[in-house]
Each structure stands twice: as C-alpha cells, then as structure tokens.
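The structure under discussion appears below in the form of structure tokens.
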Amino acid sequence: MTTQSYVLVLKVGPVQGFIAQARRTRDLWFGSYLLSSLSRAMACALRDAGAELIFPHPEQLDAAAPKPSGRVTRTDQALADAEAVKGFPNKVLAVVKGDAAEVARAARKAARATLREQWVRVRERGGPLLAEGADAWADEQLDTFLEFHAAWAPMEDGDYLTALEEAEAALEARRGLREFRAWTQAPPAGTHKSSLDGGRASVLKRERPRSGEWKRLRIGEREELDALGLLKRAGGEPDQFVPVPSIGLAAWLETASKKHGPKLSALRGACADHRGFTSVYRTDLAWVNAFPFDGQLLLPDRWRPYFTEWSEDPKAAKQEAERFADEHIRPLLAAMSVAPYPYVACLVADGDRMGELLRRLAEHGGIEAHRRVSHALASFTAEARDIVQSRYRGMLVYAGGDDVLAFVCPADALQCARALAAAFSKHLAPVSGASVPTLSVGLGIGHVMESLGQLLALGRRAEKAAKDAGRDALAVLVAKHAGRERLWTASWTPKGAAVEPLARLSQDMALLGGDRLPLGKVHEVETMVRRFPAETSSEEQAAVLVAEVSRILARAEGRARDSEDREREDKALSLTDVGLAALAEEPPECVETVHAELLAWVDRMLVAGTLERSRRGLELREGGGA
C-alpha cells in the first residue's frame with residue numbers, strides 16, 4: 001500500500017508587530033533573528049522527519065556557520081551564529097509522507113524548544129535584572145507568545161498545485177482564528193506594563209543602579225520590558241549592533257576619516273577612554289571602523305542627553321559634555337565643510353506578484369520548479385546582505401525570500417535600492433520563465449533620533465506606495481521635522497519619455513545643488529499652486545498657473561543690481577529645464593491635471609533636495625565599492 005503524501009504549510013508568528021516593537025537597534029535585529037531561528041528549527045524538524053523541503057531550500061539548512069579566526073570573542077561567535085540562520089522566511093513548505101499532523105507537532109515542538117533555549121541563555125546572563133518571582137509570569141509570556149499555524153492537504157496522483165492551493169487556503173482560514181486565554185500567573189499589584197508591548201507585565205526590578213548590565217544593555221531608568229522585550233534587548237552582544245545615528249552619518253564619518261583623520265582619531269580615542277560609552281565591534285563592516293561609537297555624539301543637541309545617559313552623576317553630565325565637545329567634537333565639526341545631516345533611510349523591499357509566479361510555475365513545473373525558485377531566493381538573500389552591508393553603508397535587519405528590511409545611509413540609499421532590484425531580477429530570471437520578477441523598493445527617510453517604530457512605518461508606507469504605483473517601482477517618502485511629508489514614486493523601467501528614476505533624481509539634485517534652482521523657488525511654486533484649488537479653477541486659471549510657474553522659474557535672483565545681463569540669464573530656468581516639459585509643450589486642457597502635476601513636481605524636487613543635502617560634500621559609493 002502506497003503511503004499518502006501531503007503538502008504541508010507552516011507559519012510562525014507574530015511577525016510585523018513583534019519586530020516593530022523596538023526602541024534600540026538590537027531590539028529590531030534580534031526580533032527578526034529570533035523569528036528566523038524559529039523558522040529554521042521548524043525546517044530542520046521537517047527534514048529530520050523525512051519531509052521533502054521546498055521552502056526554504058534544503059541547502060540553506062546545510063550551510064555551516066563561518067568559524068571566526070584568531071581570538072574569538074562572544075561577539076564574533078554571535079555574528080557567526082547569525083550567519084547560520086540568515087534568510088529564513090516565516091513560512092515553511094514541504095511534502096511529507098505518513099502522519100502530517102505528527103510531523104507538524106514535531107515542528108511546533110522544535111520552534112518552542114528554540115525559543116526556550118534563547119530565553120534560558122538570556123536568563124542565565126540577566127538574572128540579576130529580574131524582579132523577585134518574575135520567572136513565573138515570564139514563563140507564561142513565553143509559552144503564550146508563539147503563534148504556530150499548520151495546514152496540509154493530500155497530494156492525489158501527484159497533483160502538487162491542487163494540494164498546495166488547498167493547504168494554503170486552509171492555513172489562511174486557520175490564521176483567522178485565535179485563542180485568547182486569561183493570564184494565570186498574576187504579577188504583584190503595581191507591576192508596570194512593558195514599554196515595548198504595552199500588554200505584558202514587566203519582569204524587571206524597580207530599583208536599578210546606574211551602571212553594570214543595566215547600562216550595558218541600555219535599559220533606561222523608567223523603561224520596562226516583558227520577557228520577550230528582555231529577550232530582544234539582551235539576546236545578542238551589545239557591541240555587535242550599529243546605532244541608527246551611526247548608519248545615518250556613515251558617509252559623513254567616512255569622509256571625515258579620509259579628510260581629517262587625526263581629528264576623528266582623537267575623538268575616537270577620547271570615546272574609547274570614556275568608561276561609560278559602548279563601542280561597536282564589527283570586523284566585517286569596514287565603514288563602521290571610522291567611528292565605532294554612537295553617531296549621535298556628532299549632533300550638538302544630543303551631547304548633553306547622551307552624557308546624562310552614561311554618567312553616574314547626572315548633575316555633572318552637562319559640564320562634562322561641554323568640555324568633551326570643546327576638546328574633541330567641535331574641532332572636527334569646524335574642519336568639515338558640511339555639518340552632519342541627521343537623517344537615515346529605512347529600506348523596505350518586496351518581490352512583485354510572487355504569488356502569481358509561484359502558481360504558474362507550480363502548474364507547469366511542479367515541485368522542482370518551486371525548488372529552483374527557493375534556491376534562487378536563497379542566493380538573492382546572500383547577495384542582499386553583501387549589497388546592504390558591504391557595498392553600501394547600511395545594516396540589514398532581515399532578508400528572507402523576497403523580503404528585505406534594512407537601514408541605509410541616505411547618501412547611498414538610491415544606489416542600494418537599485419542594486420537590490422537588479423540582483424533580485426538577476427537571480428530570479430533563470431528560473432521564472434518568460435516574465436522576469438521585479439522588486440519594489442520603498443525608502444522612508446526620517447530623523448536619526450526618530451523612534452524605530454516611526455522609521456519602520458515610513459519604510460513600509462514607502463514600499464506600499466511603490467506597489468500602488470504599479471509595482472517594479474521605487475518610492476521615496478521623506479518626513480522632515482516640523483515639515484510636510486514628501487512622497488515621490490517612479491517605475492524602475494519607465495515607459496515612453498519618462499526618465500529612469502535615479503537619472504531623474506540626479507538631474508534634479510544637480511539643479512538644486514548647483515544653486516540654479518533655489519529651494520525657495522520650489523516652495524514659492526507650491527504656495528502659489530495651493531492658492532488655486534483644483535476643484536474650483538477654470539481652464540483660464542490653469543493657463544495663468546502655468547504662466548506664473550514659468551515666471552517664477554525665469555526670474556533671476558541673488559545677483560547684484562549692476563551684474564551683467566549674461567550673468568542674470570545663467571539662473572533663468574524654463575519649464576523644460578526642471579522636468580515640466582509637458583506643460584510647456586501642450587496648452588493645459590484639464591486644470592486638475594495641471595494642479596496635480598505641479599504639486600507632484602514640488603514633492604519630487606523636495607525629495608531630491610533632501611537627497612542632495614545628504615550627499616553634499618561627502619564621499620559617495622556610486623559603484624558600490626568598498
């Protein structure tokens with residue numbers, strides 16, 4: 001009698017909400033790492049049960065962690081361990097024979113055991129941080145955290161596609177149901193809720209010294225963490241995480257290292273001598289070595305808060321900060337031709353129409369076609385890490401399947417996005433048939449001191465805007481302090497007379513950076529356009545609108561009264577010069593179109609202005625060189 005085969009689909013979570021609950025870079029990274037570890041554990045359990053793995057590719061399980069050479073620190077080992085579990089999506093797909101329910105239970109058991117192993121390690125190191133009796137409700141928080149969903153369908157006569165569709169439909173139906181259980185382990189009255197979760201009780205002590213493990217893990221005096229929050233904060237080694245401000249200022253710091261090395265070296269040495277500051281230890285990231293400390297030290301309005309955080313005497317912290325800045329920071333800032341631009345890009349990317357592709361391949365190529373895609377996605381994941389962290393100055397939070405989440409220096413963000421899109425198509429083209437898969441990328445640019453939740457939200461909204469723009473697109477969403485958000489989208493493969501997005505923004509940045517087009521004129525155009533509401537304007541008013549924009553652009557500014565006419569004409573611009581040729585060539589027939597096109601142009605120019613400011617006077621990585 002032939003043993004029945006089943007298509008088995010597993011998913012583990014929660015994903016987005018759990019990852020987004022972060023205050024520090026380490027929270028974000030370890031949350032993603034933990035979910036990848038759970039997925040890997042499930043995949044290993046399926047393989048050990050004799051299942052035929054499809055997603056992830058079996059070769060990903062066999063990839064050994066790189067062995068650190070020389071004197072191995074705990075950070076070296078942590079980074080090596082992370083390499084072993086990279087690129088595991090939260091969905092596992094396999095073909096199993098026999099009792100599918102038993103195989104699924106074994107996978108769930110493996111995921112829970114992995115979660116418990118991670119907690120035991122953190123519990124052993126961070127035991128003095130826990131409140132008395134906190135083990136009881138910490139264990140309940142861990143036991144109720146994991147959302148494990150499984151579904152399977154029989155594969156009759158080798159019909160893989162039908163079985164897959166039935167299993168996925170059952171899985172989605174099951175995910176719509178959730179158990180809600182009351183807490184049985186109640187903490188003492190007055191126990192605060194977690195600062196990250198807001199729903200689980202904190203496991204931390206109330207009385208906290210201003211030193212030791214509390215400072216090393218950067219747990220604030222009023223910050224509360226539940227078991228999962230503490231696991232994310234203490235799961236890795238503190239010196240393996242690059243602070244977000246350091247990522248945002250990476251281009252500035254690397255330029256300072258090349259142009260004013262002695263001054264930056266003096267600052268670096270002073271930071272190393274300060275007994276409180278935590279350094280970053282990343283031998284694999286050359287760009288971090290320019291300044292392996294928190295980049296917020298370069299921002300004048302952050303000196304005092306940063307010293308207050310690390311000082312054991314808060315009253316003396318202000319004076320210490322000013323003295324430190326006078327001796328070590330201000331000399332470097334004065335030597336540089338440009339001030340640090342405190343913004344960072346949250347990059348979120350996702351493959352386009354992958355569901356349609358996988359269905360088509362399953363219909364015509366079955367399991368083997370899916371395995372080839374799985375292998376291609378694993379190869380893309382490996383290259384994505386190199387693109388973000390080595391070729392460009394960024395930190396990869398997650399890359400698994402067709403998803404990428406990273407933080408990148410704004411000066412490199414456009415080229416990094418383009419390189420990821422090209423790599424995705426390169427790896428998927430040989431296995432996808434006629435239509436080559438594409439990647440939509442969103443760049444959410446916000447202040448380096450903005451909360452991680454807000455930065456993540458910016459990146460995800462930008463990625464959604466790229467999808468809404470027709471997919472195969474780039475979207476840049478800029479959120480400046482005390483300013484209106486600016487969004488610009490463009491297709492990676494423009495149609496007709498449209499310009500490729502990086503070329504378009506390069507032209508705009510050249511106009512703005514060369515002072516041919518002052519940002520003041522862009523704002524003037526916006527103010528004028530908003531005085532003509534599209535819903536109440538006539539065609540005659542649309543013509544006046546275009547004429548007024550032409551007048552603003554053509555008006556020369558900033559010259560002495562006795563300057564030559566030729567000099568004044570150098571600054572005169574036409575609609576064609578600034579990328580509004582369509583308005584110049586054809587008389588406006590629809591006022592709504594004119595209104596929308598001008599406001600879209602304003603947003604594009606202000607996005608370009610932000611990017612130009614982030615690159616001004618700095619060492620760029622146009623070709624992605626190290």
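The way I read the labels, and the way they are meant: chains A, B, ... in the order of the structure tokens, residue 1 as the first residue of every chain, and ligand 1 as the first ligand shown, with later ones counted on from there.
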- Task: For Asp159 of chain A, work out the shell of residues within 10 Å, counting only C-alpha atoms and skipping chain neighbours fewer than 4 positions away, then give it as a ChimeraX atom specification.
- Result: /A:7,154-155,163-164,362-363,366-367
- Message: Neighbouring residues of segment 327-340 of chain A were defined as those with any atom within 9 Å, considering only C-alpha atoms; residues of the same chain fewer than 6 positions away were excluded. Please report them as number ranges by chain.
- Response: A: 249, 252-253, 255-256, 259-260, 263-264, 266-268, 270, 297-300, 614, 616-618
- Message: List the spatial neighbours of Leu420 of chain A as JSON, numbers by chain - criterion: any atom at most 10 Å away, only C-alpha atoms, same-chain residues fewer than 3 positions off excluded.
- Response: {"A": [349, 380, 381, 383, 384, 385, 387, 388, 404, 415, 416, 417, 423, 424, 425, 426, 439, 440, 441]}
Convert the current residue selection to file output with N, CA and C atoms, as a tab-separated table (two decimals), in the first residue's frame.
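Dumped to part-v2.tsv:
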```tsv
chain	number	residue	atom	x	y	z
A	349	ALA	N	11.75	46.33	0.93
A	349	ALA	CA	11.60	45.84	-0.43
A	349	ALA	C	10.81	44.54	-0.44
A	380	PHE	N	19.67	35.21	-3.66
A	380	PHE	CA	19.40	36.64	-3.55
A	380	PHE	C	19.58	37.13	-2.13
A	381	THR	N	19.12	36.36	-1.15
A	381	THR	CA	19.27	36.74	0.25
A	381	THR	C	20.73	36.95	0.61
A	383	GLU	N	23.23	37.68	-1.43
A	383	GLU	CA	23.77	38.88	-2.09
A	383	GLU	C	23.20	40.15	-1.48
A	384	ALA	N	21.94	40.12	-1.04
A	384	ALA	CA	21.34	41.30	-0.42
A	384	ALA	C	22.13	41.73	0.80
A	385	ARG	N	22.59	40.79	1.58
A	385	ARG	CA	23.40	41.11	2.76
A	385	ARG	C	24.68	41.82	2.35
A	387	ILE	N	25.21	43.49	-0.49
A	387	ILE	CA	24.88	44.79	-1.07
A	387	ILE	C	24.67	45.83	0.02
A	388	VAL	N	23.86	45.50	1.00
A	388	VAL	CA	23.49	46.48	2.03
A	388	VAL	C	24.67	46.79	2.94
A	404	VAL	N	13.04	42.30	2.09
A	404	VAL	CA	14.26	42.91	2.62
A	404	VAL	C	13.86	44.07	3.53
A	415	GLN	N	21.33	54.16	-4.69
A	415	GLN	CA	22.13	53.15	-5.37
A	415	GLN	C	21.93	51.77	-4.73
A	416	CYS	N	21.75	51.75	-3.41
A	416	CYS	CA	21.50	50.47	-2.73
A	416	CYS	C	20.18	49.86	-3.19
A	417	ALA	N	19.16	50.70	-3.29
A	417	ALA	CA	17.85	50.23	-3.75
A	417	ALA	C	17.94	49.68	-5.17
A	423	ALA	N	19.72	42.82	-8.49
A	423	ALA	CA	20.11	41.49	-8.02
A	423	ALA	C	18.91	40.55	-7.97
A	424	PHE	N	17.76	41.07	-7.55
A	424	PHE	CA	16.57	40.23	-7.47
A	424	PHE	C	16.19	39.69	-8.84
A	425	SER	N	16.15	40.55	-9.82
A	425	SER	CA	15.80	40.10	-11.18
A	425	SER	C	16.86	39.16	-11.73
A	426	LYS	N	18.13	39.43	-11.43
A	426	LYS	CA	19.22	38.58	-11.93
A	426	LYS	C	19.08	37.14	-11.41
A	439	LEU	N	11.32	43.84	-8.28
A	439	LEU	CA	11.33	44.18	-6.87
A	439	LEU	C	10.88	45.63	-6.70
A	440	SER	N	9.91	45.85	-5.85
A	440	SER	CA	9.50	47.20	-5.49
A	440	SER	C	10.21	47.59	-4.20
A	441	VAL	N	10.76	48.80	-4.18
A	441	VAL	CA	11.56	49.25	-3.04
A	441	VAL	C	11.01	50.56	-2.50
```
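Every protein or nucleic acid residue with an atom no more than 10 Å from Ala111 of chain A, counting only C-alpha atoms and leaving out same-chain residues fewer than 4 positions away, appears here: A:Val12, A:Leu35, A:Ser37, A:Leu38, A:Ser39, A:Arg40, A:Ala41, A:Met42, A:Ala43, A:Cys44, A:Ala45, A:Arg105, A:Ala106, A:Ala107, A:Leu115, A:Arg116, A:Glu117, A:Leu146, A:Phe148.
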